[in-house]
There are 2 protein chains.
Amino acid sequence: MRQRKKPEIRRVTVKDLAKDLGMSVSTISRAFYPDAVIAEPTRRIVLKRAAELGYRPNPFAQSLITKRTQIVGVVVSDLTNPFYPEVMTELVARLQAVGMNVMLAVANEPEKTDEAVELLLSYQPDLLVVLAVPLSSHARDKCEQGGAPCIFFNRLSADGLGFGITCDNIIGGRQAADFLIDTGHRHLLYVSAFPDASTNAERLSGFCKRAQERGLARPIILDAGFFTYEAGYDAGLKMAGLNQTVDGVFCANDIVAIGFIEGIQEGLGLRVPEDLSVVGFDDITMAGWPSHKLTTIPQPLGEMMDATVSLALELAQDPSLATRTRRFAPLPLIERGTTRSRSYATGGAT
Amino acid sequence: MRQRKKPEIRRVTVKDLAKDLGMSVSTISRAFYPDAVIAEPTRRIVLKRAAELGYRPNPFAQSLITKRTQIVGVVVSDLTNPFYPEVMTELVARLQAVGMNVMLAVANEPEKTDEAVELLLSYQPDLLVVLAVPLSSHARDKCEQGGAPCIFFNRLSADGLGFGITCDNIIGGRQAADFLIDTGHRHLLYVSAFPDASTNAERLSGFCKRAQERGLARPIILDAGFFTYEAGYDAGLKMAGLNQTVDGVFCANDIVAIGFIEGIQEGLGLRVPEDLSVVGFDDITMAGWPSHKLTTIPQPLGEMMDATVSLALELAQDPSLATRTRRFAPLPLIERGTTRSRSYATGGAT
DNA sequence: CTGAAAGCGCTTACAG
DNA sequence: CTGAAAGCGCTTACAG
């Protein structure tokens with residue numbers, strides 16, 4: 001039977017290092033702060049010996065005094081939409097790279113969000129990043145009170161407060177409309193996801209407005225209700241009940257589009273793109289797989305993450321920053337296999 | 001311009017509560033420890049007032065003394081394999097439910113693993129859960145030294161040390177072989193992923209051994225190298241160079257299987273299951289989608305997570321627990337659309 | 001530029 | 001059962 005050693009691990013502390021070096025603890029401490037007043041040679045000696053002894057300042061003791069924790073709380077709901085794992089890993093990696101640590105809270109069920117936030121808040125994160133969760137305004141208040149500003153990523157908070165980093169989804173919706181119309185589609189439909197999400201609302205309105213601007217009827221709206229494969233699939237099935245021609249579909253996002261396509265294929269025997277074209281949004285990895293070949297509009301994720309990280313850094317310095325939201329234009333549509341040009345007799349179709 | 005209030009947020013502390021209640025800080029503190037010696041009525045009063053004032057013990061100050069942090073560090077690599085987001089959300093949710101907090105470290109590149117672990121360790125997590133990352137033995141040692149036992153989830157550490165929670169992949173490999181053989185397949189192939197992963201090695205060996213036990217030739221092994229869609233896809237392409245008949249394929253996991261199938265379909269024009277059957281492993285959500293209809297062997301995730309959480313709880317109590325690894329039998333194979341029965345002339349095939 | 005001292009918000013022997 | 005005191009590992013005015 002394998003036995004682990006007694007875990008009597010004594011971490012090296014400032015005191016140990018001070019004694020070892022014959023200096024005061026104050027000096028040791030200062031060596032770790034670039035702005036502190038300390039002789040350069042002294043600092044070098046301390047840092048060198050610290051590395052040798054494996055000393056690292058205890059972050060708990062530090063934050064007890066500094067009131068800064070270097071912790072960013074990340075709140076996510078279920079990661080069913082592949083967009084989020086992709087974003088999360090990348091975002092966390094970047095945050096780590098600038099020395100911030102991520103405390104994760106999963107709000108599986110909407111009612112648990114408040115609880116998850118509460119838990120996070122007890123660790124006094126310098127800030128919160130909210131991913132794919134509609135935060136109740138109650139929870140928002142708690143954060144403010146807890147001194148932790150919230151950054152909403154890829155979604156604006158319902159009340160428009162807080163910091164927001166998002167893609168310009170209105171432009172996105174317009175792009176989708178323009179592409180479909182340019183390629184000859186005349187009977188448009190929007191598959192709507194979570195109605196309260198700003199992403200959904202904006203894509204919808206951009207799409208519909210643009211279609212009308214260009215002389216088409218207002219697109220039909222089919223309600224999927226959520227940003228999931230299943231919701232898209234069921235929406236596809238609901239196409240059967242529609243008594244109107246549709247030749248071009250824009251879905252709230254990729255995973256909905258993928259579900260939608262499979263729904264109409266399996267349930268209704270429709271073919272994509274032969275019978276109708278479908279455009280998604282996000283450009284998740286699997287959109288490019290041969291099994292999906294989804295035409296879609298990519299989010300400018302690189303820019304969005306850069307903005308998030310630098311905002312995080314700013315906020316860690318100065319939590320009293322005035323709230324602001326930044327929008328980035330989506331990237332140009334990528335044409336794959338779920339769309340194709342159509343032509344109607346002159347005069348348009350009916 | 002919206003202006004946020006000066007963030008002069010003073011959290012309620014023991015002292016405040018003590019003064020408010022006319023008690024000593026010791027008493028306040030004790031109220032929060034079920035085992036502490038304190039009069040029940042006193043405790044109730046304290047807890048009630050604490051709730052009213054929104055007091056929560058500061059976890060940093062607490063762990064400075066108790067040396068317990070209630071933090072579990074979770075190390076993941078990229079979450080490209082959809083299996084992991086699914087596991088992670090669920091696991092984190094369960095950990096939260098028992099009062100543990102998750103600090104996340106992403107080790108995007110293998111070389112960054114040590115760094116990620118180091119970062120995590122500075123927060124003195126009670127334990128680490130390692131997901132999908134081959135931890136260097138150096139990093140393992142660091143954890144031991146840091147007093148943080150490691151639980152390897154769905155993977156054993158290379159040296160067999162540490163705590164392990166995994167599916168019995170040898171049995172899994174045998175199940176795959178039995179199914180394929182029972183349905184008439186005679187020319188088997190295994191698509192191998194990351195060679196150093198215990199999951200891969202065990203599935204391979206169970207599969208091959210069982211095939212041989214039942215009188216077949218040793219399955220061919222095709223090297224995909226990684227647990228990714230792309231690796232599977234490329235492996236599929238490599239089938240072109242194979243000068244041997246293959247009728248039944250077992251892939252290291254679902255995402256490899258999905259990539260493999262698309263590779264042979266797109267690149268070689270082979271049809272599944274008409275030309276050959278493919279079996280995966282994990283039963284990720286998309287395996288059930290109409291686009292994939294993947295026959296696969298599900299992992300007993302519920303059991304595995306239960307075991308992880310209860311082990312975590314034990315370890316939080318007593319970090320000196322003797323190391324152990326638990327294996328759970330996979331669930332029965334789910335037959336979907338990527339496999340079908342074959343029959344050969346009596347006497348077997350060549 | 002460096003050190004001694006106070007204090008961050010807690011817990012826990014130690015008395016009573 | 002309760003309180004006063006020491007101390008966890010740090011940082012930061014304050015002197016010098």
# chains A, B, ... in the order shown; residues from 1 in each chain; ligands from 1

$ interface_residues --of "chain D" --to "chain A" --cutoff "12 Å" --atoms "only C-alpha atoms (C1' of nucleotides)" --output "VMD selection string"
chain D and resid 8 to 13

$ residues_around --residues "DA15 in chain C" --least-positions-apart "3" --cutoff "12 Å" --atoms "only C-alpha atoms (C1' of nucleotides)" --output "list of chain:residue names"
D:DT2, D:DG3, D:DA4, D:DA5

$ write_last_selection --atoms "C-alpha atoms (C1' of nucleotides)" --output "PDB file, in the first residue's frame"
ATOM      1  C1'  DT D   2     -17.494  33.283  26.345  1.00  0.00           C
ATOM      2  C1'  DG D   3     -13.702  36.716  25.855  1.00  0.00           C
ATOM      3  C1'  DA D   4      -8.821  38.634  25.427  1.00  0.00           C
ATOM      4  C1'  DA D   5      -4.781  37.731  23.081  1.00  0.00           C
TER       5       DA D   5
END

$ interface_residues --of "chain A" --to "chain B" --cutoff "8 Å" --atoms "only C-alpha atoms" --output "PyMOL selection string"
chain A and resi 1-9+11+56+58-61+63-64+78-80+82+85-86+89+92-93+96+101-108+116+119-120+122-123+145-147+262+266+290-291+319-323

$ calpha_fit_rmsd --fixed "chain B" --moving "chain A"
0.1 Å

$ select_by_dssp --residues "range 22-256 of chain B" --states "alpha helix (DSSP H)" --output "PDB file with C-alpha atoms, in the first residue's frame"
ATOM      1  CA  VAL B  25     -15.292  38.378  17.723  1.00  0.00           C
ATOM      2  CA  SER B  26     -14.505  34.880  18.934  1.00  0.00           C
ATOM      3  CA  THR B  27     -18.148  34.183  19.456  1.00  0.00           C
ATOM      4  CA  ILE B  28     -19.070  35.490  16.050  1.00  0.00           C
ATOM      5  CA  SER B  29     -16.428  33.341  14.485  1.00  0.00           C
ATOM      6  CA  ARG B  30     -17.557  30.241  16.316  1.00  0.00           C
ATOM      7  CA  ALA B  31     -21.103  30.605  15.092  1.00  0.00           C
ATOM      8  CA  GLU B  40     -27.135  27.094  20.245  1.00  0.00           C
ATOM      9  CA  PRO B  41     -29.256  30.219  20.919  1.00  0.00           C
ATOM     10  CA  THR B  42     -26.179  32.417  20.588  1.00  0.00           C
ATOM     11  CA  ARG B  43     -25.334  30.825  17.285  1.00  0.00           C
ATOM     12  CA  ARG B  44     -28.806  31.432  15.982  1.00  0.00           C
ATOM     13  CA  ILE B  45     -28.693  35.073  16.910  1.00  0.00           C
ATOM     14  CA  VAL B  46     -25.341  35.549  15.236  1.00  0.00           C
ATOM     15  CA  LEU B  47     -26.329  33.743  12.073  1.00  0.00           C
ATOM     16  CA  LYS B  48     -29.541  35.684  11.833  1.00  0.00           C
ATOM     17  CA  ARG B  49     -27.911  39.058  12.213  1.00  0.00           C
ATOM     18  CA  ALA B  50     -25.103  38.046   9.877  1.00  0.00           C
ATOM     19  CA  ALA B  51     -27.606  37.298   7.168  1.00  0.00           C
ATOM     20  CA  GLU B  52     -29.303  40.631   7.741  1.00  0.00           C
ATOM     21  CA  LEU B  53     -26.076  42.556   7.522  1.00  0.00           C
ATOM     22  CA  PRO B  59     -12.212  33.351   2.831  1.00  0.00           C
ATOM     23  CA  PHE B  60      -8.720  34.771   2.521  1.00  0.00           C
ATOM     24  CA  ALA B  61      -8.424  35.578   6.171  1.00  0.00           C
ATOM     25  CA  GLN B  62      -9.898  32.192   6.938  1.00  0.00           C
ATOM     26  CA  SER B  63      -7.488  30.198   4.897  1.00  0.00           C
ATOM     27  CA  LEU B  64      -4.555  32.150   6.200  1.00  0.00           C
ATOM     28  CA  ILE B  65      -5.258  30.416   9.464  1.00  0.00           C
ATOM     29  CA  THR B  66      -6.967  27.186   8.632  1.00  0.00           C
ATOM     30  CA  PHE B  83     -16.515  15.686 -24.123  1.00  0.00           C
ATOM     31  CA  TYR B  84     -14.728  18.067 -21.820  1.00  0.00           C
ATOM     32  CA  PRO B  85     -17.044  21.030 -21.774  1.00  0.00           C
ATOM     33  CA  GLU B  86     -19.798  18.586 -20.981  1.00  0.00           C
ATOM     34  CA  VAL B  87     -17.827  17.102 -18.140  1.00  0.00           C
ATOM     35  CA  MET B  88     -16.532  20.379 -16.887  1.00  0.00           C
ATOM     36  CA  THR B  89     -19.788  22.215 -16.463  1.00  0.00           C
ATOM     37  CA  GLU B  90     -21.344  19.310 -14.692  1.00  0.00           C
ATOM     38  CA  LEU B  91     -18.356  18.722 -12.474  1.00  0.00           C
ATOM     39  CA  VAL B  92     -17.967  22.345 -11.543  1.00  0.00           C
ATOM     40  CA  ALA B  93     -21.669  22.600 -10.781  1.00  0.00           C
ATOM     41  CA  ARG B  94     -21.446  19.622  -8.458  1.00  0.00           C
ATOM     42  CA  LEU B  95     -18.339  20.898  -6.752  1.00  0.00           C
ATOM     43  CA  GLN B  96     -20.036  24.235  -6.168  1.00  0.00           C
ATOM     44  CA  ALA B  97     -23.028  22.470  -4.748  1.00  0.00           C
ATOM     45  CA  THR B 113       1.082  23.085 -18.173  1.00  0.00           C
ATOM     46  CA  ASP B 114       3.736  23.518 -15.531  1.00  0.00           C
ATOM     47  CA  GLU B 115       3.209  27.228 -15.500  1.00  0.00           C
ATOM     48  CA  ALA B 116      -0.545  26.836 -15.204  1.00  0.00           C
ATOM     49  CA  VAL B 117      -0.140  24.416 -12.321  1.00  0.00           C
ATOM     50  CA  GLU B 118       2.276  26.744 -10.626  1.00  0.00           C
ATOM     51  CA  LEU B 119      -0.204  29.594 -10.825  1.00  0.00           C
ATOM     52  CA  LEU B 120      -2.943  27.445  -9.415  1.00  0.00           C
ATOM     53  CA  LEU B 121      -0.739  26.209  -6.637  1.00  0.00           C
ATOM     54  CA  SER B 137       5.899  14.286 -13.293  1.00  0.00           C
ATOM     55  CA  HIS B 138       7.683  17.487 -12.376  1.00  0.00           C
ATOM     56  CA  ALA B 139       4.335  19.239 -12.097  1.00  0.00           C
ATOM     57  CA  ARG B 140       2.985  16.300 -10.130  1.00  0.00           C
ATOM     58  CA  ASP B 141       5.788  16.668  -7.620  1.00  0.00           C
ATOM     59  CA  LYS B 142       5.104  20.360  -7.285  1.00  0.00           C
ATOM     60  CA  CYS B 143       1.542  19.554  -6.347  1.00  0.00           C
ATOM     61  CA  GLU B 144       2.579  17.049  -3.747  1.00  0.00           C
ATOM     62  CA  GLN B 145       4.987  19.570  -2.310  1.00  0.00           C
ATOM     63  CA  ASN B 169     -11.243   1.321 -20.953  1.00  0.00           C
ATOM     64  CA  ILE B 170     -10.001  -2.210 -21.351  1.00  0.00           C
ATOM     65  CA  ILE B 171     -13.532  -3.449 -20.915  1.00  0.00           C
ATOM     66  CA  GLY B 172     -14.587  -0.689 -23.295  1.00  0.00           C
ATOM     67  CA  GLY B 173     -12.208  -1.951 -25.939  1.00  0.00           C
ATOM     68  CA  ARG B 174     -13.495  -5.487 -25.447  1.00  0.00           C
ATOM     69  CA  GLN B 175     -17.083  -4.314 -25.774  1.00  0.00           C
ATOM     70  CA  ALA B 176     -16.284  -2.693 -29.091  1.00  0.00           C
ATOM     71  CA  ALA B 177     -14.562  -5.841 -30.342  1.00  0.00           C
ATOM     72  CA  ASP B 178     -17.382  -8.080 -29.199  1.00  0.00           C
ATOM     73  CA  PHE B 179     -20.001  -5.929 -30.831  1.00  0.00           C
ATOM     74  CA  LEU B 180     -18.217  -5.744 -34.142  1.00  0.00           C
ATOM     75  CA  ILE B 181     -17.459  -9.442 -34.175  1.00  0.00           C
ATOM     76  CA  ASP B 182     -20.992 -10.383 -33.105  1.00  0.00           C
ATOM     77  CA  SER B 198      -4.012   5.653 -20.690  1.00  0.00           C
ATOM     78  CA  THR B 199      -7.456   5.881 -22.262  1.00  0.00           C
ATOM     79  CA  ASN B 200      -6.037   5.336 -25.699  1.00  0.00           C
ATOM     80  CA  ALA B 201      -3.643   2.597 -24.673  1.00  0.00           C
ATOM     81  CA  GLU B 202      -6.295   0.683 -22.761  1.00  0.00           C
ATOM     82  CA  ARG B 203      -8.974   0.893 -25.416  1.00  0.00           C
ATOM     83  CA  LEU B 204      -6.464  -0.291 -27.947  1.00  0.00           C
ATOM     84  CA  SER B 205      -5.262  -3.206 -25.908  1.00  0.00           C
ATOM     85  CA  GLY B 206      -8.734  -4.341 -24.831  1.00  0.00           C
ATOM     86  CA  PHE B 207      -9.912  -4.182 -28.424  1.00  0.00           C
ATOM     87  CA  CYS B 208      -6.963  -6.030 -29.911  1.00  0.00           C
ATOM     88  CA  LYS B 209      -6.748  -8.683 -27.231  1.00  0.00           C
ATOM     89  CA  ARG B 210     -10.413  -9.460 -27.464  1.00  0.00           C
ATOM     90  CA  ALA B 211     -10.308  -9.701 -31.232  1.00  0.00           C
ATOM     91  CA  GLN B 212      -7.475 -12.183 -31.009  1.00  0.00           C
ATOM     92  CA  GLU B 213      -9.166 -14.143 -28.245  1.00  0.00           C
ATOM     93  CA  TYR B 229     -11.609  15.926 -35.150  1.00  0.00           C
ATOM     94  CA  GLU B 230      -8.757  16.907 -37.435  1.00  0.00           C
ATOM     95  CA  ALA B 231      -6.625  13.983 -36.346  1.00  0.00           C
ATOM     96  CA  GLY B 232      -9.524  11.643 -37.042  1.00  0.00           C
ATOM     97  CA  TYR B 233     -10.122  13.247 -40.398  1.00  0.00           C
ATOM     98  CA  ASP B 234      -6.513  12.874 -41.442  1.00  0.00           C
ATOM     99  CA  ALA B 235      -6.467   9.298 -40.244  1.00  0.00           C
ATOM    100  CA  GLY B 236      -9.465   8.700 -42.474  1.00  0.00           C
ATOM    101  CA  LEU B 237      -7.516  10.065 -45.408  1.00  0.00           C
ATOM    102  CA  LYS B 238      -4.674   7.707 -44.591  1.00  0.00           C
ATOM    103  CA  ASP B 254     -16.219  10.006 -30.548  1.00  0.00           C
ATOM    104  CA  ILE B 255     -14.623  13.138 -31.866  1.00  0.00           C
ATOM    105  CA  VAL B 256     -11.942  11.092 -33.586  1.00  0.00           C
TER     106      VAL B 256
END

$ select_by_dssp --residues "range 27-131 of chain A" --states "strand (DSSP E)" --output "list in words"
Ile71, Val72, Gly73, Val74, Val75, Val76, Asn101, Val102, Met103, Leu104, Ala105, Val106, Leu127, Leu128, Val129, Val130 and Leu131 of chain A

$ atom_distance --atom1 "CA of Ile264 in chain B" --atom2 "CA of Arg271 in chain A"
22.6 Å

$ closest_residue --among "B:Ala252, B:Val12, B:Leu315, B:Val133" --to "Phe227 in chain B" --atoms "only C-alpha atoms"
B:Ala252

$ atom_distance --atom1 "CA of Leu313 in chain B" --atom2 "CA of Ile165 in chain B"
14.3 Å
